[in-house]
>>> print(open('final.cif').read())   # mmCIF, N, CA and C atoms
data_upload
#
loop_
_atom_site.label_atom_id
_atom_site.label_comp_id
_atom_site.auth_asym_id
_atom_site.auth_seq_id
_atom_site.Cartn_x
_atom_site.Cartn_y
_atom_site.Cartn_z
N MET A 388 -13.64 17.57 26.13
CA MET A 388 -13.39 17.60 24.70
C MET A 388 -12.12 16.79 24.41
N HIS A 389 -12.30 15.54 24.07
CA HIS A 389 -11.15 14.67 23.81
C HIS A 389 -10.57 14.87 22.42
N GLU A 390 -11.20 15.72 21.61
CA GLU A 390 -10.69 16.00 20.26
C GLU A 390 -9.29 16.61 20.30
N LEU A 391 -9.01 17.46 21.29
CA LEU A 391 -7.69 18.07 21.39
C LEU A 391 -6.64 17.01 21.69
N GLY A 392 -6.97 16.04 22.53
CA GLY A 392 -6.05 14.93 22.80
C GLY A 392 -5.78 14.11 21.56
N VAL A 393 -6.82 13.87 20.77
CA VAL A 393 -6.68 13.13 19.51
C VAL A 393 -5.84 13.94 18.53
N ALA A 394 -6.13 15.25 18.43
CA ALA A 394 -5.37 16.12 17.53
C ALA A 394 -3.89 16.14 17.94
N SER A 395 -3.62 16.19 19.23
CA SER A 395 -2.25 16.21 19.72
C SER A 395 -1.51 14.91 19.38
N ALA A 396 -2.17 13.79 19.60
CA ALA A 396 -1.56 12.49 19.27
C ALA A 396 -1.33 12.37 17.77
N LEU A 397 -2.27 12.83 16.98
CA LEU A 397 -2.14 12.79 15.53
C LEU A 397 -1.01 13.71 15.06
N TYR A 398 -0.90 14.87 15.67
CA TYR A 398 0.18 15.80 15.36
C TYR A 398 1.55 15.17 15.66
N GLU A 399 1.69 14.57 16.84
CA GLU A 399 2.96 13.92 17.21
C GLU A 399 3.30 12.79 16.23
N TRP A 400 2.28 12.02 15.86
CA TRP A 400 2.50 10.93 14.90
C TRP A 400 2.91 11.49 13.54
N ALA A 401 2.25 12.56 13.10
CA ALA A 401 2.58 13.18 11.82
C ALA A 401 4.01 13.72 11.82
N LEU A 402 4.43 14.32 12.93
CA LEU A 402 5.81 14.79 13.02
C LEU A 402 6.79 13.64 12.87
N SER A 403 6.53 12.53 13.53
CA SER A 403 7.44 11.38 13.42
C SER A 403 7.45 10.83 12.00
N GLN A 404 6.28 10.81 11.34
CA GLN A 404 6.22 10.32 9.97
C GLN A 404 6.95 11.27 9.01
N SER A 405 6.81 12.58 9.24
CA SER A 405 7.46 13.55 8.35
C SER A 405 8.98 13.43 8.45
N ARG A 406 9.47 13.07 9.61
CA ARG A 406 10.92 12.92 9.78
C ARG A 406 11.42 11.62 9.18
N GLN A 407 10.55 10.62 9.07
CA GLN A 407 10.94 9.34 8.46
C GLN A 407 10.99 9.43 6.94
N VAL A 408 10.21 10.31 6.35
CA VAL A 408 10.14 10.38 4.89
C VAL A 408 10.98 11.53 4.33
N GLU A 409 11.78 12.19 5.18
CA GLU A 409 12.63 13.29 4.70
C GLU A 409 13.48 12.82 3.54
N PRO A 410 13.78 13.62 2.54
CA PRO A 410 13.48 15.04 2.44
C PRO A 410 12.12 15.33 1.82
N ARG A 411 11.30 14.34 1.71
CA ARG A 411 9.96 14.55 1.16
C ARG A 411 9.08 15.23 2.19
N ARG A 412 7.99 15.82 1.70
CA ARG A 412 7.07 16.55 2.56
C ARG A 412 5.77 15.78 2.70
N LEU A 413 5.27 15.68 3.91
CA LEU A 413 3.99 15.04 4.18
C LEU A 413 2.87 15.98 3.72
N LEU A 414 1.97 15.46 2.86
CA LEU A 414 0.90 16.29 2.30
C LEU A 414 -0.46 16.04 2.95
N SER A 415 -0.78 14.76 3.19
CA SER A 415 -2.10 14.45 3.75
C SER A 415 -2.06 13.15 4.54
N ILE A 416 -3.03 13.03 5.43
CA ILE A 416 -3.24 11.82 6.23
C ILE A 416 -4.68 11.40 6.01
N GLU A 417 -4.87 10.18 5.55
CA GLU A 417 -6.22 9.63 5.33
C GLU A 417 -6.62 8.84 6.57
N LEU A 418 -7.76 9.22 7.14
CA LEU A 418 -8.23 8.63 8.40
C LEU A 418 -9.57 7.92 8.22
N GLU A 419 -9.74 6.85 8.96
CA GLU A 419 -11.01 6.12 8.99
C GLU A 419 -11.58 6.26 10.39
N GLN A 420 -12.81 6.78 10.46
CA GLN A 420 -13.47 7.03 11.73
C GLN A 420 -14.73 6.20 11.85
N ASP A 421 -14.84 5.46 12.92
CA ASP A 421 -16.05 4.71 13.23
C ASP A 421 -17.14 5.72 13.58
N SER A 422 -18.33 5.53 13.04
CA SER A 422 -19.42 6.49 13.28
C SER A 422 -19.82 6.58 14.75
N LEU A 423 -19.44 5.61 15.57
CA LEU A 423 -19.74 5.64 17.00
C LEU A 423 -18.64 6.29 17.83
N SER A 424 -17.59 6.77 17.19
CA SER A 424 -16.44 7.29 17.92
C SER A 424 -16.77 8.53 18.76
N GLY A 425 -17.75 9.30 18.32
CA GLY A 425 -18.10 10.51 19.04
C GLY A 425 -17.14 11.66 18.75
N LEU A 426 -16.18 11.44 17.86
CA LEU A 426 -15.22 12.48 17.51
C LEU A 426 -15.84 13.49 16.55
N ASN A 427 -15.56 14.74 16.77
CA ASN A 427 -15.96 15.79 15.85
C ASN A 427 -14.75 16.06 14.96
N ALA A 428 -14.82 15.66 13.70
CA ALA A 428 -13.69 15.78 12.77
C ALA A 428 -13.25 17.24 12.61
N ASP A 429 -14.19 18.17 12.60
CA ASP A 429 -13.84 19.58 12.46
C ASP A 429 -13.00 20.07 13.64
N SER A 430 -13.33 19.60 14.84
CA SER A 430 -12.57 19.99 16.03
C SER A 430 -11.17 19.40 16.00
N VAL A 431 -11.06 18.15 15.55
CA VAL A 431 -9.74 17.52 15.43
C VAL A 431 -8.92 18.27 14.39
N ASP A 432 -9.52 18.59 13.25
CA ASP A 432 -8.84 19.37 12.22
C ASP A 432 -8.33 20.70 12.78
N PHE A 433 -9.19 21.40 13.50
CA PHE A 433 -8.82 22.70 14.07
C PHE A 433 -7.63 22.55 15.02
N GLY A 434 -7.70 21.59 15.93
CA GLY A 434 -6.62 21.36 16.88
C GLY A 434 -5.33 20.97 16.19
N PHE A 435 -5.44 20.11 15.18
CA PHE A 435 -4.25 19.68 14.44
C PHE A 435 -3.60 20.87 13.75
N ARG A 436 -4.40 21.70 13.08
CA ARG A 436 -3.85 22.88 12.38
C ARG A 436 -3.19 23.85 13.35
N ALA A 437 -3.80 24.03 14.51
CA ALA A 437 -3.23 24.94 15.52
C ALA A 437 -1.88 24.42 16.00
N LEU A 438 -1.79 23.12 16.26
CA LEU A 438 -0.54 22.54 16.73
C LEU A 438 0.53 22.55 15.64
N ALA A 439 0.12 22.38 14.39
CA ALA A 439 1.06 22.24 13.28
C ALA A 439 1.61 23.58 12.79
N THR A 440 0.99 24.69 13.19
CA THR A 440 1.43 26.00 12.71
C THR A 440 2.90 26.22 13.04
N GLY A 441 3.66 26.55 11.99
CA GLY A 441 5.08 26.84 12.16
C GLY A 441 5.98 25.62 12.24
N THR A 442 5.42 24.43 12.01
CA THR A 442 6.23 23.19 12.06
C THR A 442 6.30 22.58 10.67
N GLU A 443 7.08 21.52 10.54
CA GLU A 443 7.21 20.86 9.24
C GLU A 443 5.95 20.15 8.77
N VAL A 444 4.93 20.05 9.61
CA VAL A 444 3.67 19.44 9.18
C VAL A 444 2.56 20.47 8.99
N GLU A 445 2.92 21.74 8.99
CA GLU A 445 1.93 22.78 8.70
C GLU A 445 1.40 22.57 7.29
N GLY A 446 0.10 22.65 7.12
CA GLY A 446 -0.53 22.48 5.82
C GLY A 446 -0.91 21.05 5.48
N VAL A 447 -0.59 20.09 6.33
CA VAL A 447 -0.99 18.70 6.08
C VAL A 447 -2.51 18.61 6.17
N ARG A 448 -3.13 17.99 5.16
CA ARG A 448 -4.59 17.82 5.12
C ARG A 448 -4.98 16.53 5.83
N LEU A 449 -6.04 16.60 6.59
CA LEU A 449 -6.63 15.40 7.18
C LEU A 449 -7.85 15.06 6.34
N GLU A 450 -7.87 13.85 5.78
CA GLU A 450 -8.98 13.39 4.95
C GLU A 450 -9.74 12.31 5.72
N TRP A 451 -11.00 12.57 5.98
CA TRP A 451 -11.83 11.71 6.84
C TRP A 451 -12.75 10.81 6.02
N HIS A 452 -12.84 9.55 6.46
CA HIS A 452 -13.79 8.58 5.91
C HIS A 452 -14.52 7.96 7.10
N GLU A 453 -15.83 8.05 7.07
CA GLU A 453 -16.61 7.45 8.15
C GLU A 453 -17.08 6.06 7.75
N VAL A 454 -16.94 5.12 8.68
CA VAL A 454 -17.39 3.75 8.43
C VAL A 454 -18.39 3.35 9.50
N SER A 455 -19.26 2.43 9.15
CA SER A 455 -20.21 1.89 10.12
C SER A 455 -19.49 0.92 11.05
N PRO A 456 -19.92 0.84 12.29
CA PRO A 456 -19.30 -0.08 13.23
C PRO A 456 -19.55 -1.54 12.84
N THR A 457 -18.63 -2.39 13.22
CA THR A 457 -18.74 -3.83 12.99
C THR A 457 -19.05 -4.51 14.32
N TYR A 458 -19.98 -5.43 14.29
CA TYR A 458 -20.40 -6.16 15.49
C TYR A 458 -20.09 -7.64 15.31
N VAL A 459 -19.82 -8.32 16.42
CA VAL A 459 -19.59 -9.76 16.38
C VAL A 459 -20.52 -10.42 17.39
N CYS A 460 -21.12 -11.54 16.98
CA CYS A 460 -22.05 -12.27 17.83
C CYS A 460 -21.26 -13.13 18.82
N PRO A 461 -21.57 -13.05 20.11
CA PRO A 461 -20.87 -13.87 21.09
C PRO A 461 -21.23 -15.35 21.00
N ARG A 462 -22.31 -15.64 20.31
CA ARG A 462 -22.79 -17.02 20.20
C ARG A 462 -22.22 -17.73 18.97
N CYS A 463 -22.37 -17.12 17.78
CA CYS A 463 -21.95 -17.80 16.55
C CYS A 463 -20.70 -17.19 15.91
N SER A 464 -20.20 -16.08 16.48
CA SER A 464 -18.99 -15.39 16.02
C SER A 464 -19.11 -14.75 14.64
N GLU A 465 -20.31 -14.67 14.10
CA GLU A 465 -20.50 -13.98 12.82
C GLU A 465 -20.38 -12.48 13.03
N THR A 466 -19.87 -11.80 12.02
CA THR A 466 -19.76 -10.35 12.11
C THR A 466 -20.77 -9.70 11.17
N SER A 467 -21.17 -8.49 11.53
CA SER A 467 -22.07 -7.71 10.68
C SER A 467 -21.74 -6.24 10.86
N THR A 468 -22.03 -5.47 9.85
CA THR A 468 -21.80 -4.04 9.88
C THR A 468 -23.15 -3.35 9.82
N SER A 469 -23.34 -2.38 10.70
CA SER A 469 -24.62 -1.69 10.76
C SER A 469 -24.43 -0.31 11.34
N SER A 470 -25.14 0.66 10.79
CA SER A 470 -25.06 2.02 11.34
C SER A 470 -25.87 2.14 12.63
N ALA A 471 -26.87 1.28 12.78
CA ALA A 471 -27.67 1.26 14.01
C ALA A 471 -27.32 0.02 14.82
N ALA A 472 -27.33 0.15 16.13
CA ALA A 472 -26.99 -0.99 16.99
C ALA A 472 -28.02 -2.10 16.80
N PRO A 473 -27.56 -3.31 16.45
CA PRO A 473 -28.49 -4.41 16.24
C PRO A 473 -29.10 -4.89 17.56
N GLN A 474 -30.33 -5.37 17.49
CA GLN A 474 -31.02 -5.86 18.68
C GLN A 474 -30.72 -7.33 18.95
N GLY A 475 -30.15 -7.99 17.95
CA GLY A 475 -29.78 -9.40 18.07
C GLY A 475 -28.98 -9.79 16.85
N CYS A 476 -28.41 -10.97 16.87
CA CYS A 476 -27.61 -11.44 15.74
C CYS A 476 -28.50 -11.69 14.53
N LEU A 477 -28.09 -11.17 13.40
CA LEU A 477 -28.85 -11.36 12.17
C LEU A 477 -28.70 -12.77 11.61
N HIS A 478 -27.68 -13.49 12.05
CA HIS A 478 -27.39 -14.84 11.53
C HIS A 478 -28.06 -15.94 12.36
N CYS A 479 -27.90 -15.86 13.70
CA CYS A 479 -28.42 -16.95 14.53
C CYS A 479 -29.54 -16.52 15.46
N GLY A 480 -29.81 -15.22 15.52
CA GLY A 480 -30.86 -14.72 16.41
C GLY A 480 -30.42 -14.65 17.86
N GLY A 481 -29.14 -14.84 18.12
CA GLY A 481 -28.61 -14.83 19.48
C GLY A 481 -28.60 -13.46 20.12
N ALA A 482 -27.92 -13.39 21.22
CA ALA A 482 -27.84 -12.18 22.03
C ALA A 482 -27.35 -10.98 21.23
N VAL A 483 -27.47 -9.83 21.84
CA VAL A 483 -27.04 -8.59 21.19
C VAL A 483 -25.53 -8.68 20.91
N PRO A 484 -25.15 -8.52 19.65
CA PRO A 484 -23.73 -8.57 19.30
C PRO A 484 -22.94 -7.44 19.96
N ARG A 485 -21.66 -7.67 20.15
CA ARG A 485 -20.79 -6.65 20.73
C ARG A 485 -19.95 -6.02 19.62
N LEU A 486 -19.43 -4.83 19.88
CA LEU A 486 -18.57 -4.16 18.91
C LEU A 486 -17.31 -4.98 18.68
N ALA A 487 -16.94 -5.14 17.42
CA ALA A 487 -15.78 -5.95 17.08
C ALA A 487 -14.49 -5.12 17.06
N ARG A 488 -14.62 -3.84 16.76
CA ARG A 488 -13.42 -2.99 16.68
C ARG A 488 -13.06 -2.43 18.04
N THR A 489 -11.79 -2.38 18.31
CA THR A 489 -11.33 -1.76 19.55
C THR A 489 -10.84 -0.35 19.30
N ASP A 490 -10.62 0.02 18.04
CA ASP A 490 -10.18 1.37 17.71
C ASP A 490 -11.26 2.06 16.88
N SER A 491 -11.55 3.29 17.24
CA SER A 491 -12.59 4.01 16.51
C SER A 491 -12.01 5.00 15.52
N LEU A 492 -10.69 5.12 15.49
CA LEU A 492 -10.01 5.99 14.54
C LEU A 492 -8.70 5.33 14.16
N ARG A 493 -8.44 5.26 12.86
CA ARG A 493 -7.17 4.70 12.43
C ARG A 493 -6.68 5.39 11.16
N VAL A 494 -5.38 5.37 11.00
CA VAL A 494 -4.76 5.96 9.82
C VAL A 494 -4.79 4.93 8.70
N LEU A 495 -5.34 5.32 7.56
CA LEU A 495 -5.38 4.44 6.39
C LEU A 495 -4.15 4.60 5.54
N SER A 496 -3.73 5.85 5.30
CA SER A 496 -2.56 6.10 4.46
C SER A 496 -2.06 7.50 4.67
N ILE A 497 -0.86 7.74 4.17
CA ILE A 497 -0.31 9.08 4.13
C ILE A 497 0.13 9.38 2.70
N GLU A 498 0.11 10.65 2.35
CA GLU A 498 0.58 11.07 1.03
C GLU A 498 1.80 11.96 1.25
N VAL A 499 2.87 11.66 0.52
CA VAL A 499 4.08 12.47 0.61
C VAL A 499 4.44 13.02 -0.75
N GLU A 500 5.20 14.11 -0.75
CA GLU A 500 5.63 14.73 -1.99
C GLU A 500 7.11 14.45 -2.19
#
>>> encode(input="final.cif", output="structure tokens")
Amino acid sequence: MHELGVASALYEWALSQSRQVEPRRLLSIELEQDSLSGLNADSVDFGFRALATGTEVEGVRLEWHEVSPTYVCPRCSETSTSSAAPQGCLHCGGAVPRLARTDSLRVLSIEVE
């Protein structure tokens, strides 16, 4: 269950962000998740809340947005977004495109009070 590792890293990052924006309070973190990440957002939320209990980031909301993966063709370098793995390039008909993103989870924004 790698969700706890993700929750722990997110918690540590949130703590560092909350200390940078003092005396304001961190309210929410907006996250973008690739649909192929395999992460269970509910499990990450649970782990994050457990770690944050009693700290300055207790009560911070995690807001999730799921995006389709982006693929790039090794032949023509065109990119395409698809929820299903493409069988070939939609532009040139070349080989099976590879995933273009190297990160399956990223922080889009934070909200502070």
>>> closest_residue(input="final.cif", among="A:Leu414, A:Leu495, A:Leu426, A:Val459", to="Pro473 in chain A", atoms="only C-alpha atoms")
A:Val459
>>> closest_residue(input="final.cif", among="A:Leu413, A:Ala428, A:Ala482, A:Leu418", to="Glu390 in chain A", atoms="all atoms listed in the file")
A:Ala428
>>> select_by_dssp(input="final.cif", residues="chain A", states="strand (DSSP E or B)", output="number ranges by chain")
A: 413-421, 448-454, 457-459, 466-468, 485-486, 492-499
>>> residues_near_point(input="final.cif", point="(-3.1, 20.0, 6.4)", cutoff="7 Å", atoms="only N, CA and C atoms", output="VMD selection string")
chain A and resid 414 to 415 436 444 to 449
>>> atom_distance(input="final.cif", atom1="atom C of Ser455 in chain A", atom2="atom C of Leu477 in chain A")
16.5 Å
>>> closest_residue(input="final.cif", among="A:Thr457, A:Arg406, A:Arg412, A:Val431", to="Asp490 in chain A", atoms="only C-alpha atoms")
A:Thr457
>>> decode(input="final.cif", residues="range 441-488 of chain A", atoms="N, CA and C atoms", output="PDB file, in the first residue's frame")
ATOM      1  N   GLY A 441      -3.371  16.891  15.351  1.00  0.00           N
ATOM      2  CA  GLY A 441      -2.598  17.556  16.397  1.00  0.00           C
ATOM      3  C   GLY A 441      -1.466  18.432  15.903  1.00  0.00           C
ATOM      4  N   THR A 442      -1.367  18.625  14.580  1.00  0.00           N
ATOM      5  CA  THR A 442      -0.305  19.472  14.015  1.00  0.00           C
ATOM      6  C   THR A 442      -0.920  20.714  13.390  1.00  0.00           C
ATOM      7  N   GLU A 443      -0.070  21.621  12.930  1.00  0.00           N
ATOM      8  CA  GLU A 443      -0.570  22.850  12.310  1.00  0.00           C
ATOM      9  C   GLU A 443      -1.265  22.633  10.974  1.00  0.00           C
ATOM     10  N   VAL A 444      -1.212  21.431  10.421  1.00  0.00           N
ATOM     11  CA  VAL A 444      -1.919  21.153   9.166  1.00  0.00           C
ATOM     12  C   VAL A 444      -3.162  20.281   9.378  1.00  0.00           C
ATOM     13  N   GLU A 445      -3.555  20.107  10.629  1.00  0.00           N
ATOM     14  CA  GLU A 445      -4.794  19.377  10.903  1.00  0.00           C
ATOM     15  C   GLU A 445      -5.956  20.136  10.269  1.00  0.00           C
ATOM     16  N   GLY A 446      -6.835  19.426   9.593  1.00  0.00           N
ATOM     17  CA  GLY A 446      -7.993  20.035   8.952  1.00  0.00           C
ATOM     18  C   GLY A 446      -7.765  20.493   7.519  1.00  0.00           C
ATOM     19  N   VAL A 447      -6.545  20.377   7.011  1.00  0.00           N
ATOM     20  CA  VAL A 447      -6.285  20.748   5.617  1.00  0.00           C
ATOM     21  C   VAL A 447      -7.036  19.776   4.707  1.00  0.00           C
ATOM     22  N   ARG A 448      -7.772  20.315   3.733  1.00  0.00           N
ATOM     23  CA  ARG A 448      -8.535  19.494   2.780  1.00  0.00           C
ATOM     24  C   ARG A 448      -7.659  19.143   1.580  1.00  0.00           C
ATOM     25  N   LEU A 449      -7.771  17.922   1.144  1.00  0.00           N
ATOM     26  CA  LEU A 449      -7.131  17.502  -0.105  1.00  0.00           C
ATOM     27  C   LEU A 449      -8.217  17.468  -1.164  1.00  0.00           C
ATOM     28  N   GLU A 450      -8.042  18.244  -2.231  1.00  0.00           N
ATOM     29  CA  GLU A 450      -9.015  18.298  -3.328  1.00  0.00           C
ATOM     30  C   GLU A 450      -8.405  17.611  -4.546  1.00  0.00           C
ATOM     31  N   TRP A 451      -9.053  16.568  -5.006  1.00  0.00           N
ATOM     32  CA  TRP A 451      -8.522  15.707  -6.069  1.00  0.00           C
ATOM     33  C   TRP A 451      -9.164  16.012  -7.419  1.00  0.00           C
ATOM     34  N   HIS A 452      -8.321  16.033  -8.454  1.00  0.00           N
ATOM     35  CA  HIS A 452      -8.774  16.146  -9.844  1.00  0.00           C
ATOM     36  C   HIS A 452      -8.080  15.032 -10.621  1.00  0.00           C
ATOM     37  N   GLU A 453      -8.871  14.217 -11.284  1.00  0.00           N
ATOM     38  CA  GLU A 453      -8.288  13.142 -12.076  1.00  0.00           C
ATOM     39  C   GLU A 453      -8.164  13.575 -13.529  1.00  0.00           C
ATOM     40  N   VAL A 454      -7.014  13.285 -14.121  1.00  0.00           N
ATOM     41  CA  VAL A 454      -6.779  13.618 -15.530  1.00  0.00           C
ATOM     42  C   VAL A 454      -6.417  12.351 -16.287  1.00  0.00           C
ATOM     43  N   SER A 455      -6.713  12.361 -17.569  1.00  0.00           N
ATOM     44  CA  SER A 455      -6.328  11.239 -18.426  1.00  0.00           C
ATOM     45  C   SER A 455      -4.832  11.317 -18.717  1.00  0.00           C
ATOM     46  N   PRO A 456      -4.195  10.179 -18.877  1.00  0.00           N
ATOM     47  CA  PRO A 456      -2.768  10.177 -19.180  1.00  0.00           C
ATOM     48  C   PRO A 456      -2.486  10.757 -20.571  1.00  0.00           C
ATOM     49  N   THR A 457      -1.302  11.316 -20.715  1.00  0.00           N
ATOM     50  CA  THR A 457      -0.850  11.865 -21.989  1.00  0.00           C
ATOM     51  C   THR A 457       0.210  10.931 -22.566  1.00  0.00           C
ATOM     52  N   TYR A 458       0.103  10.658 -23.847  1.00  0.00           N
ATOM     53  CA  TYR A 458       1.030   9.766 -24.540  1.00  0.00           C
ATOM     54  C   TYR A 458       1.783  10.554 -25.606  1.00  0.00           C
ATOM     55  N   VAL A 459       3.009  10.124 -25.887  1.00  0.00           N
ATOM     56  CA  VAL A 459       3.795  10.748 -26.946  1.00  0.00           C
ATOM     57  C   VAL A 459       4.275   9.647 -27.898  1.00  0.00           C
ATOM     58  N   CYS A 460       4.186   9.931 -29.192  1.00  0.00           N
ATOM     59  CA  CYS A 460       4.594   8.964 -30.214  1.00  0.00           C
ATOM     60  C   CYS A 460       6.117   9.007 -30.374  1.00  0.00           C
ATOM     61  N   PRO A 461       6.781   7.862 -30.324  1.00  0.00           N
ATOM     62  CA  PRO A 461       8.231   7.843 -30.493  1.00  0.00           C
ATOM     63  C   PRO A 461       8.668   8.151 -31.929  1.00  0.00           C
ATOM     64  N   ARG A 462       7.729   8.072 -32.850  1.00  0.00           N
ATOM     65  CA  ARG A 462       8.039   8.294 -34.264  1.00  0.00           C
ATOM     66  C   ARG A 462       7.855   9.751 -34.679  1.00  0.00           C
ATOM     67  N   CYS A 463       6.672  10.330 -34.390  1.00  0.00           N
ATOM     68  CA  CYS A 463       6.392  11.688 -34.862  1.00  0.00           C
ATOM     69  C   CYS A 463       6.368  12.727 -33.740  1.00  0.00           C
ATOM     70  N   SER A 464       6.508  12.280 -32.488  1.00  0.00           N
ATOM     71  CA  SER A 464       6.542  13.146 -31.297  1.00  0.00           C
ATOM     72  C   SER A 464       5.232  13.864 -31.003  1.00  0.00           C
ATOM     73  N   GLU A 465       4.158  13.491 -31.657  1.00  0.00           N
ATOM     74  CA  GLU A 465       2.848  14.082 -31.349  1.00  0.00           C
ATOM     75  C   GLU A 465       2.355  13.535 -30.017  1.00  0.00           C
ATOM     76  N   THR A 466       1.631  14.363 -29.294  1.00  0.00           N
ATOM     77  CA  THR A 466       1.063  13.913 -28.029  1.00  0.00           C
ATOM     78  C   THR A 466      -0.448  13.770 -28.158  1.00  0.00           C
ATOM     79  N   SER A 467      -1.000  12.881 -27.348  1.00  0.00           N
ATOM     80  CA  SER A 467      -2.441  12.697 -27.304  1.00  0.00           C
ATOM     81  C   SER A 467      -2.830  12.306 -25.882  1.00  0.00           C
ATOM     82  N   THR A 468      -4.046  12.621 -25.533  1.00  0.00           N
ATOM     83  CA  THR A 468      -4.573  12.287 -24.221  1.00  0.00           C
ATOM     84  C   THR A 468      -5.697  11.283 -24.413  1.00  0.00           C
ATOM     85  N   SER A 469      -5.655  10.228 -23.613  1.00  0.00           N
ATOM     86  CA  SER A 469      -6.662   9.182 -23.751  1.00  0.00           C
ATOM     87  C   SER A 469      -6.812   8.443 -22.438  1.00  0.00           C
ATOM     88  N   SER A 470      -8.043   8.098 -22.095  1.00  0.00           N
ATOM     89  CA  SER A 470      -8.263   7.334 -20.869  1.00  0.00           C
ATOM     90  C   SER A 470      -7.892   5.864 -21.071  1.00  0.00           C
ATOM     91  N   ALA A 471      -7.945   5.401 -22.310  1.00  0.00           N
ATOM     92  CA  ALA A 471      -7.547   4.031 -22.632  1.00  0.00           C
ATOM     93  C   ALA A 471      -6.207   4.047 -23.360  1.00  0.00           C
ATOM     94  N   ALA A 472      -5.382   3.055 -23.110  1.00  0.00           N
ATOM     95  CA  ALA A 472      -4.071   2.992 -23.758  1.00  0.00           C
ATOM     96  C   ALA A 472      -4.249   2.853 -25.270  1.00  0.00           C
ATOM     97  N   PRO A 473      -3.659   3.767 -26.047  1.00  0.00           N
ATOM     98  CA  PRO A 473      -3.800   3.682 -27.503  1.00  0.00           C
ATOM     99  C   PRO A 473      -3.013   2.509 -28.077  1.00  0.00           C
ATOM    100  N   GLN A 474      -3.529   1.952 -29.161  1.00  0.00           N
ATOM    101  CA  GLN A 474      -2.872   0.820 -29.813  1.00  0.00           C
ATOM    102  C   GLN A 474      -1.824   1.272 -30.824  1.00  0.00           C
ATOM    103  N   GLY A 475      -1.867   2.549 -31.171  1.00  0.00           N
ATOM    104  CA  GLY A 475      -0.914   3.135 -32.109  1.00  0.00           C
ATOM    105  C   GLY A 475      -1.118   4.632 -32.134  1.00  0.00           C
ATOM    106  N   CYS A 476      -0.226   5.336 -32.780  1.00  0.00           N
ATOM    107  CA  CYS A 476      -0.326   6.790 -32.855  1.00  0.00           C
ATOM    108  C   CYS A 476      -1.533   7.197 -33.698  1.00  0.00           C
ATOM    109  N   LEU A 477      -2.320   8.097 -33.173  1.00  0.00           N
ATOM    110  CA  LEU A 477      -3.496   8.577 -33.894  1.00  0.00           C
ATOM    111  C   LEU A 477      -3.124   9.517 -35.037  1.00  0.00           C
ATOM    112  N   HIS A 478      -1.910  10.059 -35.018  1.00  0.00           N
ATOM    113  CA  HIS A 478      -1.472  11.028 -36.029  1.00  0.00           C
ATOM    114  C   HIS A 478      -0.757  10.369 -37.211  1.00  0.00           C
ATOM    115  N   CYS A 479       0.208   9.470 -36.894  1.00  0.00           N
ATOM    116  CA  CYS A 479       0.996   8.892 -37.988  1.00  0.00           C
ATOM    117  C   CYS A 479       0.807   7.394 -38.146  1.00  0.00           C
ATOM    118  N   GLY A 480       0.079   6.772 -37.224  1.00  0.00           N
ATOM    119  CA  GLY A 480      -0.133   5.331 -37.288  1.00  0.00           C
ATOM    120  C   GLY A 480       1.057   4.531 -36.814  1.00  0.00           C
ATOM    121  N   GLY A 481       2.039   5.193 -36.235  1.00  0.00           N
ATOM    122  CA  GLY A 481       3.263   4.538 -35.773  1.00  0.00           C
ATOM    123  C   GLY A 481       3.053   3.649 -34.563  1.00  0.00           C
ATOM    124  N   ALA A 482       4.158   3.255 -34.001  1.00  0.00           N
ATOM    125  CA  ALA A 482       4.183   2.334 -32.865  1.00  0.00           C
ATOM    126  C   ALA A 482       3.346   2.840 -31.699  1.00  0.00           C
ATOM    127  N   VAL A 483       3.142   1.967 -30.744  1.00  0.00           N
ATOM    128  CA  VAL A 483       2.363   2.315 -29.559  1.00  0.00           C
ATOM    129  C   VAL A 483       3.049   3.475 -28.833  1.00  0.00           C
ATOM    130  N   PRO A 484       2.329   4.566 -28.635  1.00  0.00           N
ATOM    131  CA  PRO A 484       2.912   5.712 -27.928  1.00  0.00           C
ATOM    132  C   PRO A 484       3.265   5.370 -26.487  1.00  0.00           C
ATOM    133  N   ARG A 485       4.217   6.099 -25.940  1.00  0.00           N
ATOM    134  CA  ARG A 485       4.613   5.887 -24.546  1.00  0.00           C
ATOM    135  C   ARG A 485       4.033   7.011 -23.688  1.00  0.00           C
ATOM    136  N   LEU A 486       3.943   6.775 -22.390  1.00  0.00           N
ATOM    137  CA  LEU A 486       3.438   7.790 -21.476  1.00  0.00           C
ATOM    138  C   LEU A 486       4.373   8.997 -21.484  1.00  0.00           C
ATOM    139  N   ALA A 487       3.796  10.181 -21.555  1.00  0.00           N
ATOM    140  CA  ALA A 487       4.593  11.400 -21.615  1.00  0.00           C
ATOM    141  C   ALA A 487       4.914  11.944 -20.226  1.00  0.00           C
ATOM    142  N   ARG A 488       4.034  11.683 -19.268  1.00  0.00           N
ATOM    143  CA  ARG A 488       4.241  12.216 -17.918  1.00  0.00           C
ATOM    144  C   ARG A 488       5.112  11.278 -17.101  1.00  0.00           C
TER     145      ARG A 488
END
